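Next up, protein-v8.txt (compact mmCIF, C-alpha atoms (C1' of nucleotides)):
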# COMPACT_ATOMS: atom_id res chain seq x y z
CA MET A 1 0.00 0.00 0.00
CA SER A 2 1.42 3.35 -0.98
CA ASP A 3 2.12 5.99 1.62
CA GLU A 4 -0.50 8.27 0.13
CA GLN A 5 -3.15 5.58 0.29
CA ARG A 6 -2.34 4.98 3.89
CA GLN A 7 -2.60 8.68 4.72
CA GLN A 8 -5.91 8.81 2.93
CA GLN A 9 -7.21 5.89 4.94
CA ARG A 10 -6.04 7.53 8.15
CA LEU A 11 -7.74 10.77 7.19
CA ASP A 12 -10.95 8.93 6.47
CA ILE A 13 -10.95 7.18 9.83
CA SER A 14 -10.02 10.49 11.41
CA ARG A 15 -13.17 12.16 10.16
CA HIS A 16 -15.40 9.45 11.58
CA ALA A 17 -13.55 9.56 14.89
CA VAL A 18 -13.85 13.32 15.23
CA ARG A 19 -17.55 13.20 14.50
CA LEU A 20 -18.04 10.58 17.20
CA PHE A 21 -15.82 12.46 19.64
CA ALA A 22 -17.92 15.58 19.14
CA GLU A 23 -21.20 13.72 19.51
CA GLN A 24 -20.42 11.59 22.55
CA GLY A 25 -17.12 12.69 23.99
CA VAL A 26 -13.80 10.91 23.71
CA ALA A 27 -14.14 8.66 26.74
CA ALA A 28 -17.53 7.41 25.64
CA THR A 29 -16.27 6.54 22.16
CA SER A 30 -14.57 3.17 21.95
CA GLY A 31 -12.00 2.07 19.44
CA GLU A 32 -14.39 -0.62 18.31
CA GLN A 33 -17.02 2.02 17.58
CA ILE A 34 -14.67 4.13 15.48
CA ALA A 35 -13.48 1.09 13.58
CA GLN A 36 -17.04 0.06 12.84
CA ALA A 37 -17.99 3.57 11.69
CA ALA A 38 -14.96 3.67 9.41
CA GLY A 39 -15.59 0.19 8.07
CA VAL A 40 -12.43 -1.52 9.22
CA SER A 41 -11.80 -4.17 11.84
CA GLU A 42 -10.83 -3.05 15.30
CA ARG A 43 -7.47 -4.72 14.87
CA SER A 44 -6.74 -2.72 11.76
CA PHE A 45 -7.87 0.46 13.44
CA TRP A 46 -5.28 0.03 16.15
CA ARG A 47 -2.69 -0.43 13.45
CA TYR A 48 -3.59 2.88 11.86
CA PHE A 49 -3.68 4.71 15.18
CA PRO A 50 -1.52 3.63 18.10
CA HIS A 51 -3.70 5.60 20.53
CA LYS A 52 -7.32 6.61 20.35
CA GLU A 53 -6.51 10.30 20.66
CA SER A 54 -4.12 10.24 17.73
CA CYS A 55 -7.20 10.01 15.52
CA VAL A 56 -7.15 13.79 15.46
CA GLU A 57 -3.66 13.97 14.00
CA PRO A 58 -4.43 13.69 10.30
CA LEU A 59 -6.83 16.61 10.45
CA LEU A 60 -4.71 18.80 12.70
CA THR A 61 -1.58 18.08 10.72
CA LYS A 62 -3.22 19.63 7.70
CA MET A 63 -3.45 22.95 9.48
CA VAL A 64 -0.09 22.90 11.20
CA ASP A 65 1.81 21.76 8.12
CA ALA A 66 0.28 24.55 6.10
CA PHE A 67 1.76 27.15 8.41
CA CYS A 68 5.17 25.47 8.44
CA GLN A 69 5.14 25.43 4.66
CA VAL A 70 4.53 29.17 4.59
CA VAL A 71 7.35 29.82 7.03
CA ARG A 72 9.71 27.72 4.95
CA GLY A 73 8.97 29.95 1.99
CA TRP A 74 9.62 33.12 3.95
CA PRO A 75 12.00 35.17 1.78
CA GLY A 76 14.91 36.91 3.44
CA ASP A 77 14.00 40.40 2.36
CA LEU A 78 10.48 40.52 3.77
CA GLU A 79 8.99 41.16 7.19
CA LEU A 80 7.24 38.04 8.47
CA ILE A 81 3.99 39.92 8.79
CA ASP A 82 4.03 40.98 5.18
CA HIS A 83 4.94 37.51 4.06
CA LEU A 84 2.02 36.09 5.97
CA ARG A 85 -0.37 38.49 4.27
CA ARG A 86 0.79 37.26 0.90
CA ALA A 87 1.32 33.59 1.47
CA TYR A 88 -0.71 32.41 4.45
CA THR A 89 -3.92 31.14 2.96
CA PRO A 90 -4.27 27.68 4.44
CA LEU A 91 -7.84 26.74 5.12
CA ILE A 92 -8.76 29.51 2.73
CA ASP A 93 -8.00 28.02 -0.65
CA GLY A 94 -6.13 24.90 0.31
CA ALA A 95 -8.77 22.54 1.56
CA SER A 96 -12.42 21.70 1.17
CA ASP A 97 -15.02 23.52 3.24
CA GLU A 98 -15.78 20.35 5.11
CA ASP A 99 -12.17 19.93 6.12
CA ILE A 100 -11.98 23.51 7.35
CA GLU A 101 -14.98 22.89 9.54
CA ALA A 102 -13.59 19.57 10.75
CA VAL A 103 -10.24 21.05 11.67
CA LEU A 104 -11.80 23.88 13.62
CA GLU A 105 -14.11 21.42 15.30
CA VAL A 106 -11.12 19.44 16.50
CA VAL A 107 -9.46 22.53 17.91
CA ARG A 108 -12.67 23.34 19.72
CA LEU A 109 -12.80 19.83 21.09
CA THR A 110 -9.30 20.17 22.50
CA GLN A 111 -10.63 22.85 24.82
CA SER A 112 -12.84 20.45 26.71
CA GLU A 113 -11.20 17.09 26.11
CA ARG A 114 -7.95 16.75 28.02
CA ALA A 115 -6.73 13.77 26.04
CA LEU A 116 -7.17 15.60 22.76
CA ARG A 117 -5.50 18.69 24.14
CA ALA A 118 -2.45 16.64 25.00
CA ALA A 119 -2.30 15.21 21.50
CA TYR A 120 -2.73 18.69 20.09
CA LEU A 121 0.13 20.10 22.13
CA MET A 122 2.40 17.26 21.09
CA LEU A 123 1.62 17.99 17.47
CA ARG A 124 2.32 21.67 17.95
CA GLU A 125 5.70 20.80 19.34
CA ARG A 126 6.50 18.81 16.26
CA ALA A 127 5.57 21.88 14.26
CA GLU A 128 7.84 23.91 16.49
CA HIS A 129 10.77 21.82 15.35
CA ALA A 130 9.87 22.33 11.72
CA LEU A 131 9.68 26.03 12.43
CA ALA A 132 13.10 25.98 14.07
CA GLU A 133 14.47 24.25 11.00
CA ALA A 134 13.09 26.94 8.76
CA LEU A 135 14.36 29.73 10.97
CA ALA A 136 17.79 28.12 11.17
CA GLU A 137 18.06 27.91 7.43
CA ARG A 138 16.95 31.49 7.09
CA THR A 139 19.37 32.92 9.62
CA GLY A 140 22.25 30.55 9.06
CA LEU A 141 22.35 29.71 12.75
CA PRO A 142 22.42 26.09 13.92
CA GLU A 143 19.03 24.55 14.45
CA ASP A 144 19.61 23.93 18.14
CA ALA A 145 20.80 27.45 18.95
CA ILE A 146 18.92 28.92 21.85
CA GLU A 147 17.87 31.95 19.86
CA ILE A 148 16.38 29.82 17.15
CA ARG A 149 14.54 27.55 19.55
CA VAL A 150 13.19 30.50 21.48
CA GLN A 151 11.90 32.21 18.39
CA ALA A 152 10.33 29.03 17.11
CA ALA A 153 8.71 28.36 20.47
CA ALA A 154 7.38 31.89 20.70
CA MET A 155 5.97 31.87 17.19
CA SER A 156 4.41 28.51 17.77
CA ALA A 157 2.85 29.79 20.96
CA VAL A 158 1.44 32.79 19.16
CA LEU A 159 -0.02 30.59 16.50
CA LYS A 160 -1.59 28.42 19.15
CA VAL A 161 -3.33 31.33 20.84
CA ALA A 162 -4.56 32.70 17.54
CA THR A 163 -5.82 29.31 16.45
CA ASP A 164 -7.65 28.67 19.69
CA ASP A 165 -9.21 32.07 19.32
CA ILE A 166 -10.37 31.61 15.78
CA ALA A 167 -11.80 28.20 16.62
CA ARG A 168 -13.77 29.75 19.45
CA THR A 169 -15.13 32.63 17.41
CA THR A 170 -16.17 30.38 14.55
CA SER A 171 -18.20 27.97 16.59
CA LYS A 172 -21.20 29.14 14.63
CA GLY A 173 -20.11 29.03 11.03
CA VAL A 174 -16.98 30.01 9.15
CA THR A 175 -16.68 32.66 6.50
CA ARG A 176 -13.79 33.71 4.32
CA ASP A 177 -13.67 36.96 6.28
CA THR A 178 -13.14 35.13 9.52
CA LEU A 179 -10.18 33.31 8.09
CA VAL A 180 -8.62 36.50 6.79
CA GLN A 181 -9.18 37.91 10.24
CA HIS A 182 -7.31 34.87 11.57
CA ARG A 183 -4.31 35.83 9.50
CA GLU A 184 -4.44 39.41 10.75
CA GLU A 185 -4.75 38.15 14.28
CA ILE A 186 -1.52 36.22 13.93
CA ALA A 187 0.19 39.26 12.49
CA ASP A 188 -1.07 41.42 15.35
CA ALA A 189 0.03 38.86 17.89
CA LEU A 190 3.51 38.72 16.42
CA ARG A 191 3.66 42.50 16.72
CA ALA A 192 2.46 42.30 20.30
CA LEU A 193 5.34 39.97 21.06
CA SER A 194 7.86 42.70 20.51
CA ARG A 195 6.19 44.71 23.24
CA LEU A 196 6.92 42.02 25.76
CA ARG A 197 9.56 44.00 27.58
CA MET B 1 -7.19 13.73 55.55
CA SER B 2 -5.95 17.27 55.13
CA ASP B 3 -5.11 18.65 51.74
CA GLU B 4 -1.50 19.00 52.70
CA GLN B 5 -1.26 15.39 53.80
CA ARG B 6 -2.73 14.32 50.51
CA GLN B 7 -0.23 16.40 48.53
CA GLN B 8 2.56 14.93 50.60
CA GLN B 9 1.38 11.42 49.85
CA ARG B 10 1.16 12.24 46.14
CA LEU B 11 4.66 13.65 46.19
CA ASP B 12 5.95 10.55 47.89
CA ILE B 13 4.39 8.23 45.34
CA SER B 14 5.64 10.56 42.63
CA ARG B 15 9.25 10.07 43.67
CA HIS B 16 8.96 6.30 43.53
CA ALA B 17 7.23 6.45 40.16
CA VAL B 18 9.85 8.71 38.62
CA ARG B 19 12.63 6.47 39.81
CA LEU B 20 10.96 3.46 38.24
CA PHE B 21 10.20 5.36 35.04
CA ALA B 22 13.86 6.29 34.74
CA GLU B 23 15.05 2.77 35.45
CA GLN B 24 12.71 0.80 33.22
CA GLY B 25 10.77 3.21 31.08
CA VAL B 26 7.17 4.26 31.52
CA ALA B 27 5.54 1.49 29.50
CA ALA B 28 7.43 -1.19 31.38
CA THR B 29 6.37 0.21 34.75
CA SER B 30 2.94 -0.91 35.84
CA GLY B 31 0.62 0.85 38.22
CA GLU B 32 0.82 -2.17 40.48
CA GLN B 33 4.59 -1.83 40.63
CA ILE B 34 4.47 1.84 41.56
CA ALA B 35 1.85 1.18 44.20
CA GLN B 36 3.93 -1.59 45.70
CA ALA B 37 7.07 0.57 45.74
CA ALA B 38 5.16 3.37 47.45
CA GLY B 39 3.54 1.03 49.93
CA VAL B 40 -0.09 1.53 49.02
CA SER B 41 -2.61 -0.73 47.38
CA GLU B 42 -3.04 -0.49 43.64
CA ARG B 43 -6.59 0.70 44.17
CA SER B 44 -5.42 3.58 46.32
CA PHE B 45 -2.73 4.42 43.83
CA TRP B 46 -5.30 4.94 41.08
CA ARG B 47 -7.19 7.21 43.43
CA TYR B 48 -4.16 9.42 43.93
CA PHE B 49 -3.33 9.49 40.23
CA PRO B 50 -6.01 9.22 37.57
CA HIS B 51 -3.40 8.31 34.95
CA LYS B 52 -0.04 6.68 35.24
CA GLU B 53 1.72 9.62 33.60
CA SER B 54 0.27 12.11 36.05
CA CYS B 55 2.71 10.70 38.59
CA VAL B 56 5.13 13.32 37.36
CA GLU B 57 2.82 16.21 38.22
CA PRO B 58 3.68 16.75 41.87
CA LEU B 59 7.37 17.12 41.07
CA LEU B 60 6.93 19.23 37.96
CA THR B 61 4.40 21.45 39.64
CA LYS B 62 7.01 22.45 42.16
CA MET B 63 9.12 23.95 39.43
CA VAL B 64 6.37 25.54 37.40
CA ASP B 65 4.63 27.04 40.40
CA ALA B 66 7.85 28.58 41.57
CA PHE B 67 8.16 30.55 38.37
CA CYS B 68 4.52 31.65 38.44
CA GLN B 69 5.02 32.86 41.97
CA VAL B 70 7.93 35.02 40.89
CA VAL B 71 5.95 36.51 38.02
CA ARG B 72 3.08 37.31 40.36
CA GLY B 73 5.48 39.31 42.49
CA TRP B 74 6.82 41.25 39.52
CA PRO B 75 6.70 44.91 40.56
CA GLY B 76 5.47 47.46 38.05
CA ASP B 77 8.58 49.56 38.03
CA LEU B 78 11.09 46.87 37.12
CA GLU B 79 12.16 45.18 33.90
CA LEU B 80 11.24 41.52 33.97
CA ILE B 81 14.84 40.55 33.45
CA ASP B 82 15.98 42.49 36.48
CA HIS B 83 13.18 41.11 38.55
CA LEU B 84 14.18 37.59 37.60
CA ARG B 85 17.74 38.22 38.70
CA ARG B 86 16.51 39.27 42.10
CA ALA B 87 13.65 36.95 42.73
CA TYR B 88 13.99 33.82 40.61
CA THR B 89 15.74 31.37 42.84
CA PRO B 90 13.54 28.31 42.67
CA LEU B 91 15.47 25.09 42.80
CA ILE B 92 18.29 27.15 44.21
CA ASP B 93 17.22 27.78 47.74
CA GLY B 94 13.64 26.58 47.68
CA ALA B 95 13.87 22.84 47.65
CA SER B 96 16.08 20.01 48.76
CA ASP B 97 18.92 18.85 46.54
CA GLU B 98 17.17 15.58 45.96
CA ASP B 99 14.09 17.32 44.69
CA ILE B 100 16.12 19.46 42.31
CA GLU B 101 17.66 16.34 40.88
CA ALA B 102 14.31 14.60 40.68
CA VAL B 103 12.65 17.49 38.88
CA LEU B 104 15.42 17.73 36.31
CA GLU B 105 15.30 13.98 35.87
CA VAL B 106 11.62 14.20 35.02
CA VAL B 107 12.23 16.91 32.45
CA ARG B 108 14.92 14.75 30.91
CA LEU B 109 12.53 11.83 30.81
CA THR B 110 9.96 13.87 28.94
CA GLN B 111 12.41 14.05 26.04
CA SER B 112 12.25 10.36 25.36
CA GLU B 113 8.90 9.35 26.83
CA ARG B 114 6.01 10.61 24.76
CA ALA B 115 3.41 10.04 27.45
CA LEU B 116 5.37 12.10 29.95
CA ARG B 117 5.98 14.83 27.41
CA ALA B 118 2.25 15.16 26.88
CA ALA B 119 1.65 15.45 30.62
CA TYR B 120 4.43 18.00 30.84
CA LEU B 121 2.97 20.15 28.08
CA MET B 122 -0.46 20.07 29.70
CA LEU B 123 1.07 21.23 32.93
CA ARG B 124 2.91 24.03 31.19
CA GLU B 125 -0.35 25.21 29.72
CA ARG B 126 -1.85 25.41 33.17
CA ALA B 127 1.11 27.55 34.14
CA GLU B 128 0.46 29.66 31.09
CA HIS B 129 -2.94 30.56 32.48
CA ALA B 130 -1.46 31.53 35.81
CA LEU B 131 1.01 33.66 33.94
CA ALA B 132 -1.78 35.33 31.98
CA GLU B 133 -3.53 36.08 35.24
CA ALA B 134 -0.43 37.74 36.63
CA LEU B 135 0.15 39.73 33.46
CA ALA B 136 -3.46 40.83 33.36
CA GLU B 137 -3.31 42.10 36.89
CA ARG B 138 -0.09 43.90 36.16
CA THR B 139 -1.29 45.62 33.01
CA GLY B 140 -4.92 46.09 33.95
CA LEU B 141 -6.02 44.38 30.76
CA PRO B 142 -8.61 41.58 30.87
CA GLU B 143 -7.17 38.14 31.32
CA ASP B 144 -8.48 36.89 28.01
CA ALA B 145 -7.16 39.77 25.92
CA ILE B 146 -5.18 38.56 22.96
CA GLU B 147 -2.14 40.58 23.95
CA ILE B 148 -2.09 39.05 27.40
CA ARG B 149 -2.53 35.53 26.15
CA VAL B 150 0.17 35.99 23.54
CA GLN B 151 2.65 37.33 26.03
CA ALA B 152 1.88 34.57 28.49
CA ALA B 153 2.21 31.94 25.78
CA ALA B 154 5.48 33.37 24.56
CA MET B 155 6.96 33.60 28.03
CA SER B 156 5.85 30.10 28.81
CA ALA B 157 7.44 28.88 25.61
CA VAL B 158 10.68 30.60 26.46
CA LEU B 159 10.68 29.04 29.87
CA LYS B 160 10.09 25.66 28.32
CA VAL B 161 13.08 25.94 26.00
CA ALA B 162 15.31 27.15 28.80
CA THR B 163 14.16 24.37 31.10
CA ASP B 164 14.69 21.67 28.52
CA ASP B 165 18.13 23.07 27.95
CA ILE B 166 19.15 23.18 31.56
CA ALA B 167 17.87 19.66 32.08
CA ARG B 168 19.98 18.47 29.18
CA THR B 169 23.14 20.20 30.30
CA THR B 170 22.82 18.95 33.86
CA SER B 171 22.47 15.29 33.00
CA LYS B 172 25.74 14.78 34.84
CA GLY B 173 25.34 16.65 38.10
CA VAL B 174 23.88 19.97 39.11
CA THR B 175 25.76 22.85 40.67
CA ARG B 176 24.59 26.17 41.99
CA ASP B 177 26.37 27.81 39.06
CA THR B 178 24.37 25.83 36.56
CA LEU B 179 21.16 27.02 38.13
CA VAL B 180 22.25 30.63 38.08
CA GLN B 181 23.13 30.09 34.47
CA HIS B 182 19.61 28.80 33.99
CA ARG B 183 18.25 32.10 35.20
CA GLU B 184 20.53 34.03 32.88
CA GLU B 185 19.46 31.81 30.04
CA ILE B 186 15.84 32.72 30.60
CA ALA B 187 16.75 36.38 30.71
CA ASP B 188 18.72 36.07 27.48
CA ALA B 189 15.91 34.22 25.83
CA LEU B 190 13.41 36.90 26.79
CA ARG B 191 15.73 39.46 25.25
CA ALA B 192 16.02 37.34 22.12
CA LEU B 193 12.27 37.40 21.81
CA SER B 194 12.26 41.09 21.08
CA ARG B 195 14.50 40.47 18.09
CA LEU B 196 11.87 38.28 16.54
CA ARG B 197 11.02 40.66 13.78
C1' DC C 1 0.03 -19.31 -13.26
C1' DG C 2 2.64 -20.13 -9.02
C1' DA C 3 5.20 -17.82 -5.40
C1' DT C 4 6.35 -14.10 -2.54
C1' DT C 5 4.89 -10.15 -0.01
C1' DA C 6 2.01 -7.05 2.53
C1' DA C 7 -2.40 -5.87 4.51
C1' DT C 8 -6.24 -7.62 7.07
C1' DG C 9 -9.05 -9.75 10.62
C1' DG C 10 -9.73 -12.78 14.57
C1' DC C 11 -8.34 -14.34 19.03
C1' DA C 12 -6.28 -14.30 23.35
C1' DC C 13 -4.00 -11.76 26.56
C1' DT C 14 -1.99 -7.86 29.52
C1' DC C 15 -2.55 -3.58 31.48
C1' DT C 16 -5.11 0.66 32.63
C1' DC C 17 -8.63 2.47 35.04
C1' DT C 18 -13.49 2.40 37.29
C1' DG C 19 -17.54 1.04 40.12
C1' DC C 20 -18.96 -1.25 43.97
C1' DC C 21 -18.75 -2.96 48.49
C1' DA C 22 -16.88 -4.33 52.78
C1' DC C 23 -13.57 -2.96 56.37
C1' DT C 24 -11.11 0.03 59.48
C1' DA C 25 -10.12 4.07 62.07
C1' DA C 26 -10.77 8.55 63.45
C1' DA C 27 -13.97 12.16 64.72
C1' DT C 28 -18.31 13.49 66.61
C1' DG C 29 -21.96 13.76 69.59
C1' DA C 30 -25.15 12.27 73.27
C1' DT D 1 -17.94 5.96 77.45
C1' DC D 2 -20.28 4.12 73.72
C1' DA D 3 -22.87 4.49 69.39
C1' DT D 4 -22.73 6.85 64.99
C1' DT D 5 -21.23 9.16 61.35
C1' DT D 6 -17.43 10.06 58.17
C1' DA D 7 -13.52 9.31 55.26
C1' DG D 8 -9.78 6.70 53.64
C1' DT D 9 -8.43 2.05 52.27
C1' DG D 10 -8.22 -2.43 49.92
C1' DG D 11 -10.22 -6.27 47.28
C1' DC D 12 -12.71 -7.84 43.43
C1' DA D 13 -14.90 -7.84 39.10
C1' DG D 14 -15.26 -5.84 34.73
C1' DA D 15 -14.91 -2.59 30.56
C1' DG D 16 -11.87 -0.72 27.48
C1' DA D 17 -7.08 0.15 25.45
C1' DG D 18 -3.61 -1.74 23.04
C1' DT D 19 -0.35 -5.85 21.52
C1' DG D 20 1.43 -10.35 19.79
C1' DC D 21 0.45 -14.15 17.09
C1' DC D 22 -1.42 -16.64 13.44
C1' DA D 23 -4.54 -17.72 9.56
C1' DT D 24 -6.55 -15.64 5.56
C1' DT D 25 -6.70 -12.77 1.70
C1' DA D 26 -5.27 -9.67 -1.83
C1' DA D 27 -1.79 -7.53 -4.53
C1' DT D 28 2.67 -8.04 -6.87
C1' DC D 29 6.20 -10.16 -9.46
C1' DG D 30 8.81 -13.54 -12.14
Now that the file is in, can you turn its structure into structure tokens?
Amino acid sequence: MSDEQRQQQRLDISRHAVRLFAEQGVAATSGEQIAQAAGVSERSFWRYFPHKESCVEPLLTKMVDAFCQVVRGWPGDLELIDHLRRAYTPLIDGASDEDIEAVLEVVRLTQSERALRAAYLMLRERAEHALAEALAERTGLPEDAIEIRVQAAAMSAVLKVATDDIARTTSKGVTRDTLVQHREEIADALRALSRLR
Amino acid sequence: MSDEQRQQQRLDISRHAVRLFAEQGVAATSGEQIAQAAGVSERSFWRYFPHKESCVEPLLTKMVDAFCQVVRGWPGDLELIDHLRRAYTPLIDGASDEDIEAVLEVVRLTQSERALRAAYLMLRERAEHALAEALAERTGLPEDAIEIRVQAAAMSAVLKVATDDIARTTSKGVTRDTLVQHREEIADALRALSRLR
DNA sequence: CGATTAATGGCACTCTCTGCCACTAAATGA
DNA sequence: TCATTTAGTGGCAGAGAGTGCCATTAATCG
């Protein structure tokens, strides 16, 4: 089975899992139930996802990877804020409407479901490393330099706050405007960072 | 049983658990084993800790709370960096040597043990809220203002990087100097933040 | 078409964690 | 002082999470 097929299968299961999580809560949703909903055996389900909570990964990864991709393409002669305005359009033109809604639903779920929050934070930390990589390449500093790691961690934290916020404000429907506002929110937050002192 | 007694009992079990985690890994350490080492029944153990990984909380909380406490006492007329130099002495004069070592050991463990890392990140997020509270009080802004949340998230992220770093560099023994260096590292990192743009 | 390989499903099993109940000990109150 | 309430404890049974093993099936290749 090709890697892409496998990812597709994971994504499919992921959607069913998230729907069930939202309807009944994580604890009340068994692996058997998810497997049945997705049309695979329970044994196979546990092969696709080592833990129940990791069902949210395929959807969340979509969002996080999109941001990392943008940062990787950040040209040296541009302010990050300006670059974001031009290049940060994930969830806007990248994915289907249903996926946008699903991703935001997951983020919302992480607010009330501890297990999902933990998975979410782990994923964000993976993104933090990707961010550090991009920043290292851009600045020429080593990837494990304190400055690089701090900047990556801070940016990642900003993105987290902004994402939580947008998920909260879109609990009743998403519009293109809201997503543009999301981008501006990140830009604002990055500006706010420099006022930390 | 008083609250303090209960916390003491949790801390005691925590120490045994961390030792076992370090010796054999988390997965290979059963709840029964921890309970036995701590001298309580398995049933009681599960009452003290809802999940196996939360055994690390009592120790980690010591460290995180110490920092929050310092931030809460941050006077309005002082740069954060200067305040840290004066007031941030957790692990230096606050706790016993053994506890310092235990706390750093836990942080080290979170690098290789996914389950512990997740618990650690959740804990850090709780600290982030405490930080936001302190910052809100200091600035007079509402606690859920984007600026406040961003600053809290960024500071928390910085602290995380610095803590990971100090845990790594102290894998072979801790000295007072190393801990002072830790404080300077946080200060440096906070400075680095303002160069983000 | 036969043979190798990889994915699947079923089964049994361990471990995590919970609900329930019975027991003990301390605190309370008459 | 004794009966009663109260709270922590431990034992036991059971549901669910996750794994190892093996038989089956489907895809791939010579």
Near DT4 of chain D, within 12 Å and counting all atoms listed in the file, which residues show up once chain neighbours fewer than 2 positions away are dropped, as a PyMOL selection string?
(chain C and resi 27-30) or (chain D and resi 2+6)
If we count all atoms listed in the file and set the cut-off at 9 Å, which residues sit around segment 12-19 of chain C, ignoring sequence neighbours fewer than 2 positions away in its own chain? Please answer as a compact mmCIF listing (two decimals) with C-alpha atoms (C1' of nucleotides), in the coordinates of the input.
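Output file result.txt is given in full below:
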# COMPACT_ATOMS: atom_id res chain seq x y z
CA SER B 30 2.94 -0.91 35.84
CA GLY B 31 0.62 0.85 38.22
CA TRP B 46 -5.30 4.94 41.08
CA PRO B 50 -6.01 9.22 37.57
CA HIS B 51 -3.40 8.31 34.95
CA LYS B 52 -0.04 6.68 35.24
C1' DG D 14 -15.26 -5.84 34.73
C1' DA D 15 -14.91 -2.59 30.56
C1' DG D 16 -11.87 -0.72 27.48
C1' DA D 17 -7.08 0.15 25.45
C1' DG D 18 -3.61 -1.74 23.04
C1' DT D 19 -0.35 -5.85 21.52
C1' DG D 20 1.43 -10.35 19.79
Kindly provide the residues of chain A that approach chain D to within 12 Å, each paired with its closest atom pair and their distance in Å to one decimal, based on all atoms listed in the file, listed by chain and increasing number, as CSV.
residue,atom,partner,partner_atom,distance
A:Met1,CA,D:DA27,C1',9.0
A:Ser2,CA,D:DA27,C1',11.9
A:Ala27,CA,D:DG16,C1',9.7
A:Ala28,CA,D:DG16,C1',10.1
A:Thr29,CA,D:DG16,C1',10.0
A:Ser30,CA,D:DG16,C1',7.3
A:Gly31,CA,D:DA17,C1',8.0
A:Glu32,CA,D:DG16,C1',9.5
A:Gln33,CA,D:DG16,C1',11.5
A:Glu42,CA,D:DG18,C1',10.7
A:Arg43,CA,D:DG18,C1',9.5
A:Ser44,CA,D:DG18,C1',11.7
A:Phe45,CA,D:DG18,C1',10.7
A:Trp46,CA,D:DG18,C1',7.3
A:Arg47,CA,D:DG18,C1',9.7
A:Phe49,CA,D:DG18,C1',10.2
A:Pro50,CA,D:DG18,C1',7.6
A:His51,CA,D:DG18,C1',7.8
A:Lys52,CA,D:DA17,C1',8.2
A:Glu53,CA,D:DA17,C1',11.2
Just the residues within 12 Å of Leu135 of chain B, please, counting only C-alpha atoms (C1' of nucleotides), with nothing from its chain fewer than 2 positions along; format it as a PyMOL selection string.
(chain A and resi 196-197) or (chain B and resi 68-76+80+128-133+137-153+155)
Given all atoms listed in the file as the counted atoms, nearest of B:Arg85, B:Arg191, B:Thr110, B:Arg176 to Met122 of chain A
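Of B:Arg85, B:Arg191, B:Thr110, B:Arg176, the one nearest Met122 of chain A is B:Thr110, counting all atoms listed in the file.
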For chain C against chain A, with a cut-off of 10 Å and counting only C-alpha atoms (C1' of nucleotides), what is the closest atom pair and its distance in Å to one decimal for every residue that makes the cut, ordered by chain and number, as CSV?
residue,atom,partner,partner_atom,distance
C:DA6,C1',A:Met1,CA,7.8
C:DA7,C1',A:Met1,CA,7.8
C:DT8,C1',A:Ser44,CA,6.8
C:DG9,C1',A:Ser41,CA,6.3
C:DG10,C1',A:Arg43,CA,8.4
With all atoms listed in the file counted and 6 Å as the cut-off, give the residues of chain B in contact with chain A, each with its shortest interatomic distance in Å and the pair that gives it, as CSV.
residue,atom,partner,partner_atom,distance
B:Ala118,CA,A:Ala118,CA,5.3
B:Val150,CA,A:Val158,CA,5.6
B:Ala153,CA,A:Ala157,CA,5.3
B:Ala154,CA,A:Ala154,CA,4.5
B:Ala157,CA,A:Ala153,CA,5.3
B:Val158,CA,A:Val150,CA,5.6
B:Ser194,CA,A:Ser194,CA,4.7
By how many Å are atom CA of Pro58 of chain A and atom CA of Leu11 of chain A apart?
5.4 Å
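Going from atom CA of His16 of chain A over to atom CA of Gly173 of chain A, you cover 20.1 Å.
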So how far away is atom CA of Ala167 of chain B from atom CA of Ala37 of chain B, in Å?
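Separation between atom CA of Ala37 of chain B and atom CA of Ala167 of chain B: 25.8 Å.
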Take segment 177-184 of chain A, bring it up to N, CA and C atoms, and give me the output as a CSV table (one decimal), in the coordinates of the input.
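Contents of the output file rebuild-v3.csv:
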chain,number,residue,atom,x,y,z
A,177,ASP,N,-14.1,35.8,5.5
A,177,ASP,CA,-13.7,37.0,6.3
A,177,ASP,C,-13.1,36.5,7.6
A,178,THR,N,-13.7,35.6,8.2
A,178,THR,CA,-13.1,35.1,9.5
A,178,THR,C,-11.7,34.6,9.4
A,179,LEU,N,-11.5,33.9,8.3
A,179,LEU,CA,-10.2,33.3,8.1
A,179,LEU,C,-9.1,34.4,7.8
A,180,VAL,N,-9.5,35.4,7.0
A,180,VAL,CA,-8.6,36.5,6.8
A,180,VAL,C,-8.3,37.2,8.1
A,181,GLN,N,-9.4,37.3,8.9
A,181,GLN,CA,-9.2,37.9,10.2
A,181,GLN,C,-8.2,37.1,11.1
A,182,HIS,N,-8.2,35.8,10.9
A,182,HIS,CA,-7.3,34.9,11.6
A,182,HIS,C,-5.9,35.3,11.2
A,183,ARG,N,-5.7,35.5,10.0
A,183,ARG,CA,-4.3,35.8,9.5
A,183,ARG,C,-3.9,37.2,10.1
A,184,GLU,N,-4.8,38.1,10.2
A,184,GLU,CA,-4.4,39.4,10.8
A,184,GLU,C,-4.2,39.3,12.2
